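Report on the structure given below.
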Amino acid sequence: MLIIPAIDIKDGRCVRLYQGDMDKDTVYYESPVEAAKHWVEQGAELLHVVDLNGAVEGRPVHKQEVAAICMGFGVPVELGGGLRSLEAIEESLALGVARVVLGTAAYEDPDFLRAVCGKFPGKIVAGIDAREGHVAVKGWKEGTAMDAVELARRCERDGASRIIYTDIGRDGTSSGVNIKDTFRVASAVKIPMIASGGVSSLVDIRRLKGLERDGVEGVIVGRALYSGAFTLKEAIAVGAAT
C-alpha cells in the first residue's frame with residue numbers, strides 16, 4: 001500500500017489544519033519545497049499537495065511553490081485546492097503535476113467532471129471530503145446533504161481515475177482512521193481509493209492495509225508524520241509488508 005505524505009500550503013508555508021479549520025493551523029515548514037525535499041529523501045513515491053488558500057478562494061494561489069516541488073525532485077505530485085476550471089487544470093498539468101484532485105467541481109458540475117476526465121484520461125481524481133458521511137465542499141466550509149457513497153459512484157461513472165476519501169472530523173486530529181466509512185466508500189466503487197484523515201499510528205496503517213482487497217491503494221498521512229509519531233520509512237515498511 002502506498003504511503004503518501006501530505007503537503008498542505010497556506011500563505012506560502014507548509015501547515016497542518018485541525019479538522020480543516022483555516023484558523024487552526026500549525027506551521028511545520030516555512031517552505032513547502034523543503035517539506036517535499038524531506039519526504040522524498042525519506043522515500044516518498046508520491047506527494048499529495050493541497051493549495052489551501054486556493055481551496056477557499058476557488059482558484060490556484062500557490063503556483064510558484066507547486067512548480068518548484070514538481071521540478072525539484074522527480075517524484076509525482078497530485079494537486080488539489082481550487083481547481084474548478086479547465087484553465088486551472090491545464091495550468092496545473094503544465095506545471096508538471098501528475099494528476100489533479102477535483103472536489104467542489106466534481107460535486108457541483110458532473111458535466112465538467114466528465115469533460116475533463118475525457119480530455120485528461122487517468123489524470124483526474126475525485127476528492128470526496130465528508131463530515132459524518134456527508135460531502136463538504138469549498139474548502140470544507142459548506143456541508144451538503146449528499147452521502148459520500150452516492151458521490152463516489154457518480155464520480156466513477158463520470159470517469160474519475162480514483163477517489164481520495166477524507167474524513168474531515170478526523171483530519172489533522174491524529175484520532176485514528178474511520179475504517180467503517182473508508183470501507184463503505186471503497187467497497188461501493190471499482191476504481192482505486194486513497195484514504196485520508198486521522199492516521200495516528202502504524203496501527204492505522206495496518207488497519208487500512210487490510211482494506212487493500214476492497215480497493216484502498218494508499219493512504220495520505222499528515223500530522224502523524226510531521227509530529228514524529230512514526231517515520232515515513234516505518235510507514236512504508238508496514239505498507240509493503242505481506
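Please note that chains go A, B, ... in the order of the C-alpha cells, that every chain numbers its residues from 1, and that ligands are numbered from 1 in the order shown.
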
Backbone DSSP call of strand (DSSP E or B) for stretch 70-169 of chain A, listed as a VMD selection string: chain A and resid 77 to 80 99 to 102 124 to 131 134 to 137 142 to 147 162 to 167

Would you output that residue set with N, CA and C atoms, as a CSV table (one decimal), in the first residue's frame?
chain,number,residue,atom,x,y,z
A,77,VAL,N,3.5,14.3,-8.3
A,77,VAL,CA,2.7,15.2,-7.4
A,77,VAL,C,1.3,15.1,-7.8
A,78,GLU,N,0.4,14.9,-6.8
A,78,GLU,CA,-1.1,15.1,-7.1
A,78,GLU,C,-1.4,16.4,-6.3
A,79,LEU,N,-2.2,17.2,-7.0
A,79,LEU,CA,-2.5,18.5,-6.5
A,79,LEU,C,-4.0,18.7,-6.4
A,80,GLY,N,-4.4,19.3,-5.3
A,80,GLY,CA,-5.8,19.7,-5.1
A,80,GLY,C,-5.9,21.1,-4.5
A,99,ARG,N,-1.3,14.4,-11.5
A,99,ARG,CA,-2.7,14.3,-11.6
A,99,ARG,C,-3.4,15.3,-10.6
A,100,VAL,N,-4.6,15.7,-10.9
A,100,VAL,CA,-5.2,16.8,-10.2
A,100,VAL,C,-6.4,16.2,-9.4
A,101,VAL,N,-6.7,16.8,-8.3
A,101,VAL,CA,-7.8,16.4,-7.5
A,101,VAL,C,-9.0,17.4,-7.5
A,102,LEU,N,-10.1,17.0,-8.0
A,102,LEU,CA,-11.3,17.9,-8.0
A,102,LEU,C,-12.3,17.5,-6.9
A,124,ILE,N,-7.4,12.7,-13.6
A,124,ILE,CA,-8.4,13.4,-12.8
A,124,ILE,C,-8.8,12.5,-11.6
A,125,VAL,N,-8.6,13.0,-10.4
A,125,VAL,CA,-9.0,12.3,-9.2
A,125,VAL,C,-10.2,13.0,-8.5
A,126,ALA,N,-11.1,12.3,-8.1
A,126,ALA,CA,-12.3,12.9,-7.3
A,126,ALA,C,-11.9,12.9,-5.9
A,127,GLY,N,-11.9,14.1,-5.3
A,127,GLY,CA,-11.6,14.3,-3.9
A,127,GLY,C,-13.0,14.4,-3.2
A,128,ILE,N,-13.3,13.4,-2.4
A,128,ILE,CA,-14.6,13.4,-1.6
A,128,ILE,C,-14.2,13.6,-0.1
A,129,ASP,N,-14.6,14.8,0.3
A,129,ASP,CA,-14.4,15.2,1.7
A,129,ASP,C,-15.7,15.1,2.4
A,130,ALA,N,-15.8,14.4,3.6
A,130,ALA,CA,-17.0,14.2,4.2
A,130,ALA,C,-17.0,14.4,5.7
A,131,ARG,N,-18.1,14.9,6.2
A,131,ARG,CA,-18.2,15.1,7.6
A,131,ARG,C,-19.4,14.3,8.1
A,134,HIS,N,-21.4,12.9,5.1
A,134,HIS,CA,-21.9,13.7,4.1
A,134,HIS,C,-20.9,14.7,3.5
A,135,VAL,N,-21.0,14.9,2.2
A,135,VAL,CA,-20.0,15.6,1.4
A,135,VAL,C,-19.9,17.1,1.9
A,136,ALA,N,-18.7,17.6,2.0
A,136,ALA,CA,-18.5,19.0,2.2
A,136,ALA,C,-17.6,19.6,1.1
A,137,VAL,N,-17.9,20.8,0.8
A,137,VAL,CA,-17.2,21.5,-0.4
A,137,VAL,C,-16.7,22.9,0.0
A,142,GLU,N,-18.6,24.4,3.4
A,142,GLU,CA,-20.0,24.2,3.2
A,142,GLU,C,-20.4,22.7,3.2
A,143,GLY,N,-21.3,22.4,4.0
A,143,GLY,CA,-21.8,21.0,4.1
A,143,GLY,C,-22.9,20.8,3.0
A,144,THR,N,-23.1,19.5,2.7
A,144,THR,CA,-24.2,19.2,1.7
A,144,THR,C,-25.0,18.0,2.3
A,145,ALA,N,-26.1,17.7,1.7
A,145,ALA,CA,-26.9,16.5,2.1
A,145,ALA,C,-26.5,15.3,1.4
A,146,MET,N,-25.6,15.3,0.5
A,146,MET,CA,-25.2,14.2,-0.3
A,146,MET,C,-24.3,13.2,0.4
A,147,ASP,N,-24.7,11.9,0.4
A,147,ASP,CA,-23.9,10.9,1.0
A,147,ASP,C,-22.6,10.7,0.2
A,162,ARG,N,-9.6,7.6,-9.8
A,162,ARG,CA,-9.6,7.1,-8.5
A,162,ARG,C,-10.3,8.1,-7.6
A,163,ILE,N,-10.4,7.8,-6.3
A,163,ILE,CA,-11.1,8.6,-5.3
A,163,ILE,C,-10.2,8.8,-4.1
A,164,ILE,N,-10.1,10.0,-3.6
A,164,ILE,CA,-9.5,10.3,-2.3
A,164,ILE,C,-10.6,10.6,-1.4
A,165,TYR,N,-10.7,9.8,-0.3
A,165,TYR,CA,-11.8,10.0,0.6
A,165,TYR,C,-11.2,10.5,1.9
A,166,THR,N,-11.6,11.7,2.3
A,166,THR,CA,-11.1,12.3,3.6
A,166,THR,C,-12.3,12.4,4.6
A,167,ASP,N,-12.0,11.9,5.8
A,167,ASP,CA,-12.9,12.2,6.9
A,167,ASP,C,-12.5,13.5,7.6

Atom CA of A:Asp51 to atom CA of A:Gly218, distance in Å rounded to a single decimal: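 Atom CA of A:Asp51 sits 20.6 Å away from atom CA of A:Gly218.
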
Non-local contacts of stretch 10-24 of chain A (10 Å; only C-alpha atoms; under 3 positions in same chain excluded) as a PyMOL selection string: chain A and resi 6-7+27-36+49-54+56+61-62+64-65+131+139-141+167-174+197-198+222-223+226

Nearest to A:Glu150, chosen from A:Pro76, A:Pro192, A:Gly103, A:Gly133, with only C-alpha atoms counted in the distances: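 Closest residue, counting only C-alpha atoms: A:Gly133.
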
Can you pull out every residue within 9 Å of stretch 189-191 of chain A, counting only C-alpha atoms, but drop anything in the same chain fewer than 6 positions away, and send it as a PDB file with N, CA and C atoms, in the first residue's frame?
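Saved to part_5.pdb:
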ATOM      1  N   VAL A 149     -21.000   8.010  -0.446  1.00  0.00           N
ATOM      2  CA  VAL A 149     -21.098   6.854  -1.336  1.00  0.00           C
ATOM      3  C   VAL A 149     -21.794   7.232  -2.641  1.00  0.00           C
ATOM      4  N   ALA A 152     -19.336   9.115  -4.712  1.00  0.00           N
ATOM      5  CA  ALA A 152     -18.289   8.221  -5.208  1.00  0.00           C
ATOM      6  C   ALA A 152     -18.761   7.453  -6.434  1.00  0.00           C
ATOM      7  N   ARG A 153     -19.960   6.911  -6.363  1.00  0.00           N
ATOM      8  CA  ARG A 153     -20.495   6.168  -7.508  1.00  0.00           C
ATOM      9  C   ARG A 153     -20.686   7.068  -8.716  1.00  0.00           C
ATOM     10  N   GLU A 156     -17.290   7.838 -10.271  1.00  0.00           N
ATOM     11  CA  GLU A 156     -16.804   6.669 -11.014  1.00  0.00           C
ATOM     12  C   GLU A 156     -17.466   6.613 -12.390  1.00  0.00           C
ATOM     13  N   ALA A 160     -13.723   9.427 -13.264  1.00  0.00           N
ATOM     14  CA  ALA A 160     -12.593   9.674 -12.361  1.00  0.00           C
ATOM     15  C   ALA A 160     -11.695   8.446 -12.299  1.00  0.00           C
ATOM     16  N   SER A 161     -10.384   8.669 -12.248  1.00  0.00           N
ATOM     17  CA  SER A 161      -9.441   7.549 -12.245  1.00  0.00           C
ATOM     18  C   SER A 161      -9.363   6.879 -10.882  1.00  0.00           C
ATOM     19  N   ARG A 162      -9.636   7.643  -9.834  1.00  0.00           N
ATOM     20  CA  ARG A 162      -9.601   7.131  -8.465  1.00  0.00           C
ATOM     21  C   ARG A 162     -10.283   8.146  -7.558  1.00  0.00           C
ATOM     22  N   ILE A 163     -10.444   7.770  -6.307  1.00  0.00           N
ATOM     23  CA  ILE A 163     -11.083   8.643  -5.325  1.00  0.00           C
ATOM     24  C   ILE A 163     -10.158   8.822  -4.134  1.00  0.00           C
ATOM     25  N   ASP A 214     -10.288  -4.409  -0.856  1.00  0.00           N
ATOM     26  CA  ASP A 214     -11.528  -3.674  -1.104  1.00  0.00           C
ATOM     27  C   ASP A 214     -11.298  -2.427  -1.960  1.00  0.00           C
ATOM     28  N   GLY A 215     -10.057  -2.226  -2.402  1.00  0.00           N
ATOM     29  CA  GLY A 215      -9.766  -1.132  -3.311  1.00  0.00           C
ATOM     30  C   GLY A 215      -8.976   0.021  -2.741  1.00  0.00           C
TER      31      GLY A 215
END

Residue among A:Glu90, A:Glu57, A:Asp109, A:Glu41 lying closest to A:Val75, counting only C-alpha atoms: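 Answer, going by the shortest atom-to-atom distance: A:Glu41.
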
Computed interatomic separation between atom CA of A:Met193 and atom CA of A:Leu151 (Å): 13.2 Å

Within 10 Å of A:Val116, counting only C-alpha atoms, which residues qualify if same-chain residues fewer than 3 places away don't, as a PDB file with N, CA and C atoms, in the first residue's frame?
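And here is the file that came out, around_9.pdb:
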ATOM      1  N   SER A  85     -11.815  24.940 -12.873  1.00  0.00           N
ATOM      2  CA  SER A  85     -11.983  25.354 -14.267  1.00  0.00           C
ATOM      3  C   SER A  85     -11.014  24.570 -15.135  1.00  0.00           C
ATOM      4  N   LEU A  86     -11.334  24.495 -16.432  1.00  0.00           N
ATOM      5  CA  LEU A  86     -10.441  23.836 -17.378  1.00  0.00           C
ATOM      6  C   LEU A  86      -9.086  24.526 -17.401  1.00  0.00           C
ATOM      7  N   ILE A  89      -6.938  23.492 -14.445  1.00  0.00           N
ATOM      8  CA  ILE A  89      -6.423  22.134 -14.596  1.00  0.00           C
ATOM      9  C   ILE A  89      -5.280  22.112 -15.599  1.00  0.00           C
ATOM     10  N   GLU A  90      -5.466  22.768 -16.728  1.00  0.00           N
ATOM     11  CA  GLU A  90      -4.421  22.806 -17.752  1.00  0.00           C
ATOM     12  C   GLU A  90      -3.150  23.467 -17.225  1.00  0.00           C
ATOM     13  N   ASP A 111     -21.108  17.433 -15.447  1.00  0.00           N
ATOM     14  CA  ASP A 111     -20.766  17.582 -16.864  1.00  0.00           C
ATOM     15  C   ASP A 111     -19.312  18.008 -17.027  1.00  0.00           C
ATOM     16  N   PHE A 112     -18.870  18.904 -16.166  1.00  0.00           N
ATOM     17  CA  PHE A 112     -17.475  19.352 -16.197  1.00  0.00           C
ATOM     18  C   PHE A 112     -16.535  18.199 -15.865  1.00  0.00           C
ATOM     19  N   LEU A 113     -16.893  17.431 -14.850  1.00  0.00           N
ATOM     20  CA  LEU A 113     -16.051  16.294 -14.474  1.00  0.00           C
ATOM     21  C   LEU A 113     -15.937  15.308 -15.631  1.00  0.00           C
ATOM     22  N   LYS A 119     -10.865  14.444 -21.406  1.00  0.00           N
ATOM     23  CA  LYS A 119      -9.762  15.205 -22.007  1.00  0.00           C
ATOM     24  C   LYS A 119      -8.404  14.799 -21.424  1.00  0.00           C
ATOM     25  N   PHE A 120      -8.414  14.453 -20.134  1.00  0.00           N
ATOM     26  CA  PHE A 120      -7.159  14.096 -19.454  1.00  0.00           C
ATOM     27  C   PHE A 120      -7.304  12.715 -18.797  1.00  0.00           C
ATOM     28  N   PRO A 121      -7.379  11.659 -19.582  1.00  0.00           N
ATOM     29  CA  PRO A 121      -7.615  10.325 -19.027  1.00  0.00           C
ATOM     30  C   PRO A 121      -6.538   9.919 -18.020  1.00  0.00           C
ATOM     31  N   LYS A 123      -5.795  11.267 -15.278  1.00  0.00           N
ATOM     32  CA  LYS A 123      -5.189  12.368 -14.524  1.00  0.00           C
ATOM     33  C   LYS A 123      -6.163  13.096 -13.596  1.00  0.00           C
ATOM     34  N   ILE A 124      -7.406  12.664 -13.588  1.00  0.00           N
ATOM     35  CA  ILE A 124      -8.412  13.355 -12.771  1.00  0.00           C
ATOM     36  C   ILE A 124      -8.832  12.459 -11.609  1.00  0.00           C
ATOM     37  N   ASP A 158     -18.608   9.035 -14.050  1.00  0.00           N
ATOM     38  CA  ASP A 158     -18.190  10.182 -14.850  1.00  0.00           C
ATOM     39  C   ASP A 158     -16.749  10.081 -15.327  1.00  0.00           C
ATOM     40  N   GLY A 159     -16.020   9.057 -14.884  1.00  0.00           N
ATOM     41  CA  GLY A 159     -14.689   8.813 -15.434  1.00  0.00           C
ATOM     42  C   GLY A 159     -13.506   9.099 -14.544  1.00  0.00           C
ATOM     43  N   ALA A 160     -13.723   9.427 -13.264  1.00  0.00           N
ATOM     44  CA  ALA A 160     -12.593   9.674 -12.361  1.00  0.00           C
ATOM     45  C   ALA A 160     -11.695   8.446 -12.299  1.00  0.00           C
TER      46      ALA A 160
END

Residue with smallest distance to A:Leu202 - pool A:Ala224, A:Ala235, A:Val177, A:Cys155, counting only C-alpha atoms: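 Nearest to A:Leu202: A:Ala235.
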
Backbone DSSP call of alpha helix (DSSP H) for stretch 153-236 of chain A, listed as a PyMOL selection string: chain A and resi 153-158+179-186+202-209+223-226+232-236

Once you have the residues from the selection above, write them out as a PDB file, in the first residue's frame, restricted to C-alpha atoms.
ATOM      1  CA  ARG A 153     -20.495   6.168  -7.508  1.00  0.00           C
ATOM      2  CA  ARG A 154     -21.334   9.214  -9.594  1.00  0.00           C
ATOM      3  CA  CYS A 155     -17.680  10.205  -9.956  1.00  0.00           C
ATOM      4  CA  GLU A 156     -16.804   6.669 -11.014  1.00  0.00           C
ATOM      5  CA  ARG A 157     -19.490   6.804 -13.714  1.00  0.00           C
ATOM      6  CA  ASP A 158     -18.190  10.182 -14.850  1.00  0.00           C
ATOM      7  CA  ILE A 179     -12.274   2.415   8.967  1.00  0.00           C
ATOM      8  CA  LYS A 180     -16.036   1.954   8.776  1.00  0.00           C
ATOM      9  CA  ASP A 181     -16.711   4.835   6.364  1.00  0.00           C
ATOM     10  CA  THR A 182     -13.498   4.230   4.433  1.00  0.00           C
ATOM     11  CA  PHE A 183     -14.634   0.662   3.766  1.00  0.00           C
ATOM     12  CA  ARG A 184     -18.169   1.854   2.966  1.00  0.00           C
ATOM     13  CA  VAL A 185     -16.934   4.149   0.201  1.00  0.00           C
ATOM     14  CA  ALA A 186     -14.161   1.902  -1.123  1.00  0.00           C
ATOM     15  CA  LEU A 202       1.303   2.447  12.476  1.00  0.00           C
ATOM     16  CA  VAL A 203      -1.728   0.522  13.722  1.00  0.00           C
ATOM     17  CA  ASP A 204      -3.883   2.740  11.485  1.00  0.00           C
ATOM     18  CA  ILE A 205      -1.643   1.912   8.525  1.00  0.00           C
ATOM     19  CA  ARG A 206      -2.040  -1.798   9.241  1.00  0.00           C
ATOM     20  CA  ARG A 207      -5.813  -1.457   9.542  1.00  0.00           C
ATOM     21  CA  LEU A 208      -6.020   0.341   6.211  1.00  0.00           C
ATOM     22  CA  LYS A 209      -3.741  -2.225   4.603  1.00  0.00           C
ATOM     23  CA  ARG A 223       0.216  15.375  11.164  1.00  0.00           C
ATOM     24  CA  ALA A 224       1.386  11.955  12.370  1.00  0.00           C
ATOM     25  CA  LEU A 225       4.458  12.218  10.144  1.00  0.00           C
ATOM     26  CA  TYR A 226       5.133  15.863  10.921  1.00  0.00           C
ATOM     27  CA  LEU A 232       7.849   7.649   6.698  1.00  0.00           C
ATOM     28  CA  LYS A 233      10.277   4.758   6.344  1.00  0.00           C
ATOM     29  CA  GLU A 234       8.465   2.859   9.097  1.00  0.00           C
ATOM     30  CA  ALA A 235       5.096   3.502   7.447  1.00  0.00           C
ATOM     31  CA  ILE A 236       6.406   2.416   4.046  1.00  0.00           C
TER      32      ILE A 236
END
